[in-house]
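A.B. asks: Can you keep this structure in mind? I'll have questions shortly.
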Amino acid sequence: MYSRILSTGHFVPERILTNRDLEQMVNTSDEWIQSRTGIRERHIVSDGETNLDLCEQAARRALEAADLTPQDLDLILVATTTPNQVFPNMGVLLQERLGGHGYACFSLEAACAGFIYALSVANSMIQTRQIQRALVIGGETLSRITDYTDRSTCILFGDGAGAVILEGAEEAGILSVRIHADGMHKDLLYFPSGISQGFDRLRGKRDFIQMRGNEVFRVAVNTLCQIAQETLDAAGMSPDELSWLVPHQANLRIIEAIARKLALPMERVVLTIGEHGNTSTASIPMALDVAVRDGRIQRGQLLLFEAFGGGFTWGSALVRF
Ligand code: COA
């Protein structure tokens with residue numbers, strides 16, 4: 001038994017934060033942001049809008065594309081670092097929104113690699129015949145944990161959600177998937193507070209994403225080049241067989257370095273970083289859905305997903321679409 005991607009969907013909030021807007025907020029420039037990151041604008045939630053709202057719309061689009069109802073699912077798995085609440089988990093909240101009942105729902109947190117982790121888990125559950133069909137989502141409202149007075153981080157992040165429906169199949173859709181983590185660099189990219197440390201610690205202040213960007217950049221490039229090759233090797237495939245690289249959209253220069261390493265022309269890389277910025281777990285399924293809906297990605301093509309995030313966590317998946 002294998003799993004394959006049946007359909008995709010994504011959603012971004014209406015509000016757009018451009019580089020020009022950021023010029024009014026911190027000491028930066030459109031030129032600096034574009035040349036260092038490739039980002040022109042990002043979508044962010046408005047007051048009262050939440051991650052669950054974004055996930056719901058992405059899920060509805062994926063269900064519609066597959067012509068399925070929420071009750072046709074056996075699992076909802078949401079990868080996120082910015083859940084609406086600690087519990088019920090985001091999967092359960094989403095199931096209730098969609099009107100589903102009874103099947104398993106959970107969320108997992110693996111920072112920006114979360115979608116690959118979720119894909120790996122759902123794929124294993126399908127392969128072992130625990131379930132037949134899963135809604136796998138990456139959804140984030142990073143704007144809620146971003147410091148808009150810190151120019152080294154606030155230029156990067158955006159909000160959005162992306163969804164795929166995975167289904168059991170006789171022929172392989174997901175050919176190989178690899179996930180890794182190492183806490184050695186936990187201090188390079190992190191969010192400092194959490195429930196168990198107690199709210200008193202904050203003394204009424206808010207915490208924000210902390211990052212040493214330059215060092216993250218170096219580790220990300222090396223690690224992602226290795227994981228891409230590992231995932232291809234696991235399926236006995238080579239980079240020249242790839243139709244598309246669908247990378248986590250963190251920084252255009254990181255993506256270019258990986259494409260160079262794989263000897264893949266940039267025309268075969270799906271890029272949404274210019275319009276979406278870094279949306280963490282949401283970026284791969286969002287980019288995938290954009291390229292499926294505009295007709296670039298076709299059935300039968302070979303896709304490589306790869307992602308890297310705080311922890312560090314990282315992973316990659318090779319998919320026959
Ligand atoms: N506008 C203008 N200048 C800025 C700036 C901004 N938004 N942010 C930082 N700078 C300045 C720095 O203060 C520094 O100035 P100095 O030399 O006077 O000290 C200079 O630009 C260079 O800073 P540096 O951090 O070396 O820049 P960089 O080329 O590494 O780019 C990032 C910074 C954050 C864009 C880049 O490191 C990056 O994208 N890293 C990866 C982050 C990432 O992907 N994280 C998520 C992983 S999932």
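Each chain in the structure tokens gets a letter, A, B, ..., in the order shown, and its residues are numbered from 1; ligands are numbered from 1 in order too.
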Taking only C-alpha atoms and all ligand atoms into account, list the residues no farther than 7 Å from ligand 1, as JSON, numbers by chain.
C.D. replies: {"A": [27, 28, 29, 32, 33, 36, 37, 112, 151, 152, 153, 155, 213, 214, 216, 217, 250, 251, 280, 308, 309, 310]}
A.B. asks: Identify, on the basis of only C-alpha atoms, every residue whose closest approach to Leu156 in chain A does not exceed 10 Å; exclude the query and any residue fewer than 4 positions from it along the same chain; express the result as a ChimeraX atom specification.
C.D. replies: /A:33,37-42,142-143,146,151-152,249-251,273,276-279
A.B. asks: With 8 Å as the cut-off and only C-alpha atoms counted, what is the closest atom pair between each nearby residue of range 31-93 of chain A and range 163-170 of chain A? Distances in Å to one decimal, ordered by chain and number, as JSON lines.
C.D. replies:
{"residue": "A:Cys55", "atom": "CA", "partner": "A:Ala163", "partner_atom": "CA", "distance": 7.7}
{"residue": "A:Ala58", "atom": "CA", "partner": "A:Ala163", "partner_atom": "CA", "distance": 5.7}
{"residue": "A:Ala59", "atom": "CA", "partner": "A:Ala163", "partner_atom": "CA", "distance": 5.8}
{"residue": "A:Ala62", "atom": "CA", "partner": "A:Val164", "partner_atom": "CA", "distance": 6.2}
{"residue": "A:Leu63", "atom": "CA", "partner": "A:Ile165", "partner_atom": "CA", "distance": 7.5}
{"residue": "A:Ala66", "atom": "CA", "partner": "A:Ile165", "partner_atom": "CA", "distance": 7.9}
A.B. asks: Keeping only N, CA, C and O atoms, write the selected residues to a file as a short mmCIF file (atom, residue, chain, number, x, y, z; two decimals), in the first residue's frame.
C.D. replies:
data_model
loop_
_atom_site.label_atom_id
_atom_site.label_comp_id
_atom_site.auth_asym_id
_atom_site.auth_seq_id
_atom_site.Cartn_x
_atom_site.Cartn_y
_atom_site.Cartn_z
N CYS A 55 -6.81 27.74 7.95
CA CYS A 55 -6.81 26.28 7.74
C CYS A 55 -8.16 25.82 7.19
O CYS A 55 -8.23 24.95 6.31
N ALA A 58 -8.35 26.64 3.44
CA ALA A 58 -7.44 25.77 2.67
C ALA A 58 -8.03 24.36 2.58
O ALA A 58 -8.03 23.72 1.52
N ALA A 59 -8.56 23.88 3.72
CA ALA A 59 -9.15 22.53 3.77
C ALA A 59 -10.36 22.43 2.84
O ALA A 59 -10.52 21.45 2.10
N ALA A 62 -9.26 22.07 -0.73
CA ALA A 62 -8.72 20.73 -1.04
C ALA A 62 -9.85 19.70 -1.13
O ALA A 62 -9.85 18.83 -2.01
N LEU A 63 -10.80 19.79 -0.21
CA LEU A 63 -11.94 18.86 -0.24
C LEU A 63 -12.75 19.04 -1.53
O LEU A 63 -13.14 18.06 -2.18
N ALA A 66 -11.14 17.56 -4.54
CA ALA A 66 -11.21 16.08 -4.58
C ALA A 66 -12.65 15.59 -4.64
O ALA A 66 -12.90 14.38 -4.69
#
A.B. asks: A:Arg61, A:His180, A:Arg299, A:Arg15: which is nearest Gly162 in chain A, counting only C-alpha atoms?
C.D. replies: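 Nearest to Gly162 in chain A: A:Arg61.
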A.B. asks: Calculate how many Å separate CA of Gln210 in chain A from CA of Phe191 in chain A, rounding to one decimal.
C.D. replies: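 That distance, rounded to one decimal, is 6.0 Å.
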A.B. asks: Tell me which protein, DNA and RNA residues are within 12 Å of Met90 in chain A, counting only C-alpha atoms, leaving out same-chain ones fewer than 5 positions away, and put them as number ranges by chain.
C.D. replies: A: 50-56, 76-85, 95-97, 104-109, 136-140
A.B. asks: Determine the nearest neighbour of Val219 in chain A from the options A:Thr313, A:Thr149, A:Thr272, A:Ser124, counting only C-alpha atoms.
C.D. replies: A:Thr313
A.B. asks: Mind checking DSSP for range 23-163 of chain A and telling me the helix (DSSP H, G or I) residues as a ChimeraX atom specification?
C.D. replies: /A:23,30-37,51-66,70-72,90-98,111-127,142-145,151-154
A.B. asks: Got a sec to tell me which of range 85-165 of chain A DSSP assigns to strand (DSSP E or B), as number ranges by chain?
C.D. replies: A: 104-108, 133-141, 157, 159-165
A.B. asks: Selection from above, N, CA and C atoms, as a PDB file, in the first residue's frame, can you write it?
C.D. replies:
ATOM      1  N   ALA A 104      -9.798  10.387  13.833  1.00  0.00           N
ATOM      2  CA  ALA A 104      -8.649  10.931  14.578  1.00  0.00           C
ATOM      3  C   ALA A 104      -8.226  12.297  14.054  1.00  0.00           C
ATOM      4  N   CYS A 105      -7.858  13.175  14.976  1.00  0.00           N
ATOM      5  CA  CYS A 105      -7.368  14.506  14.619  1.00  0.00           C
ATOM      6  C   CYS A 105      -6.259  14.872  15.591  1.00  0.00           C
ATOM      7  N   PHE A 106      -5.161  15.354  15.061  1.00  0.00           N
ATOM      8  CA  PHE A 106      -4.142  15.894  15.949  1.00  0.00           C
ATOM      9  C   PHE A 106      -3.295  16.920  15.224  1.00  0.00           C
ATOM     10  N   SER A 107      -2.475  17.614  16.008  1.00  0.00           N
ATOM     11  CA  SER A 107      -1.559  18.567  15.396  1.00  0.00           C
ATOM     12  C   SER A 107      -0.149  18.195  15.822  1.00  0.00           C
ATOM     13  N   LEU A 108       0.816  18.623  15.045  1.00  0.00           N
ATOM     14  CA  LEU A 108       2.208  18.399  15.436  1.00  0.00           C
ATOM     15  C   LEU A 108       3.003  19.659  15.185  1.00  0.00           C
ATOM     16  N   ARG A 133      -7.557   7.716   4.184  1.00  0.00           N
ATOM     17  CA  ARG A 133      -7.543   9.077   3.621  1.00  0.00           C
ATOM     18  C   ARG A 133      -7.251  10.110   4.714  1.00  0.00           C
ATOM     19  N   ALA A 134      -6.342  11.037   4.423  1.00  0.00           N
ATOM     20  CA  ALA A 134      -5.952  12.038   5.432  1.00  0.00           C
ATOM     21  C   ALA A 134      -5.928  13.435   4.829  1.00  0.00           C
ATOM     22  N   LEU A 135      -6.401  14.397   5.636  1.00  0.00           N
ATOM     23  CA  LEU A 135      -6.225  15.809   5.295  1.00  0.00           C
ATOM     24  C   LEU A 135      -5.002  16.289   6.064  1.00  0.00           C
ATOM     25  N   VAL A 136      -3.971  16.693   5.330  1.00  0.00           N
ATOM     26  CA  VAL A 136      -2.717  17.136   5.957  1.00  0.00           C
ATOM     27  C   VAL A 136      -2.548  18.621   5.659  1.00  0.00           C
ATOM     28  N   ILE A 137      -2.366  19.401   6.739  1.00  0.00           N
ATOM     29  CA  ILE A 137      -2.367  20.851   6.585  1.00  0.00           C
ATOM     30  C   ILE A 137      -1.140  21.465   7.231  1.00  0.00           C
ATOM     31  N   GLY A 138      -0.611  22.499   6.617  1.00  0.00           N
ATOM     32  CA  GLY A 138       0.333  23.398   7.294  1.00  0.00           C
ATOM     33  C   GLY A 138      -0.337  24.755   7.363  1.00  0.00           C
ATOM     34  N   GLY A 139      -0.457  25.295   8.563  1.00  0.00           N
ATOM     35  CA  GLY A 139      -1.137  26.591   8.703  1.00  0.00           C
ATOM     36  C   GLY A 139      -0.445  27.447   9.743  1.00  0.00           C
ATOM     37  N   GLU A 140      -0.286  28.739   9.457  1.00  0.00           N
ATOM     38  CA  GLU A 140       0.441  29.604  10.394  1.00  0.00           C
ATOM     39  C   GLU A 140      -0.089  31.034  10.411  1.00  0.00           C
ATOM     40  N   THR A 141       0.012  31.626  11.586  1.00  0.00           N
ATOM     41  CA  THR A 141      -0.130  33.076  11.722  1.00  0.00           C
ATOM     42  C   THR A 141       1.133  33.587  12.425  1.00  0.00           C
ATOM     43  N   PHE A 157       8.486  37.072   7.600  1.00  0.00           N
ATOM     44  CA  PHE A 157       7.395  36.126   7.855  1.00  0.00           C
ATOM     45  C   PHE A 157       6.024  36.586   7.357  1.00  0.00           C
ATOM     46  N   ASP A 159       1.620  34.955   6.768  1.00  0.00           N
ATOM     47  CA  ASP A 159       0.587  34.038   7.254  1.00  0.00           C
ATOM     48  C   ASP A 159      -0.086  33.317   6.077  1.00  0.00           C
ATOM     49  N   GLY A 160      -0.609  32.126   6.344  1.00  0.00           N
ATOM     50  CA  GLY A 160      -1.323  31.393   5.291  1.00  0.00           C
ATOM     51  C   GLY A 160      -1.511  29.946   5.702  1.00  0.00           C
ATOM     52  N   ALA A 161      -2.216  29.204   4.864  1.00  0.00           N
ATOM     53  CA  ALA A 161      -2.413  27.765   5.113  1.00  0.00           C
ATOM     54  C   ALA A 161      -2.453  27.021   3.786  1.00  0.00           C
ATOM     55  N   GLY A 162      -1.892  25.819   3.805  1.00  0.00           N
ATOM     56  CA  GLY A 162      -1.923  24.967   2.615  1.00  0.00           C
ATOM     57  C   GLY A 162      -2.353  23.570   3.022  1.00  0.00           C
ATOM     58  N   ALA A 163      -3.073  22.879   2.134  1.00  0.00           N
ATOM     59  CA  ALA A 163      -3.624  21.566   2.479  1.00  0.00           C
ATOM     60  C   ALA A 163      -3.413  20.574   1.344  1.00  0.00           C
ATOM     61  N   VAL A 164      -3.222  19.318   1.717  1.00  0.00           N
ATOM     62  CA  VAL A 164      -3.284  18.240   0.727  1.00  0.00           C
ATOM     63  C   VAL A 164      -4.175  17.137   1.288  1.00  0.00           C
ATOM     64  N   ILE A 165      -4.830  16.416   0.387  1.00  0.00           N
ATOM     65  CA  ILE A 165      -5.529  15.190   0.803  1.00  0.00           C
ATOM     66  C   ILE A 165      -4.720  14.013   0.287  1.00  0.00           C
TER      67      ILE A 165
END
A.B. asks: With only C-alpha atoms as the atoms that count, which of A:Ile116, A:Leu98, A:Leu188, A:Ala291 lies nearest to His248 in chain A?
C.D. replies: A:Ile116
A.B. asks: Of the candidates A:Tyr148, A:Phe208, A:Phe312, A:Trp244, which shows the shortest atom-to-atom distance to Leu22 in chain A, using only C-alpha atoms?
C.D. replies: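 Checking each of A:Tyr148, A:Phe208, A:Phe312, A:Trp244 against Leu22 in chain A, counting only C-alpha atoms, the winner is A:Tyr148.
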A.B. asks: What's the 12 Å shell around Ile255 in chain A, counting only C-alpha atoms, without same-chain residues fewer than 3 positions away, as an NGL selection string?
C.D. replies: :A and (37-38 or 217 or 220-222 or 224-225 or 228 or 245-252 or 258-262 or 264-266 or 268-273 or 305-308)
A.B. asks: With only C-alpha atoms as the atoms that count, which of A:Met125, A:Leu93, A:Ala257, A:Val45 lies nearest to Val12 in chain A?
C.D. replies: A:Val45
A.B. asks: Out of A:Glu171, A:Glu49, A:Asp150, A:Asp289, which residue has the shortest atom-to-atom distance to Gly9 in chain A when counting only C-alpha atoms?
C.D. replies: A:Asp289
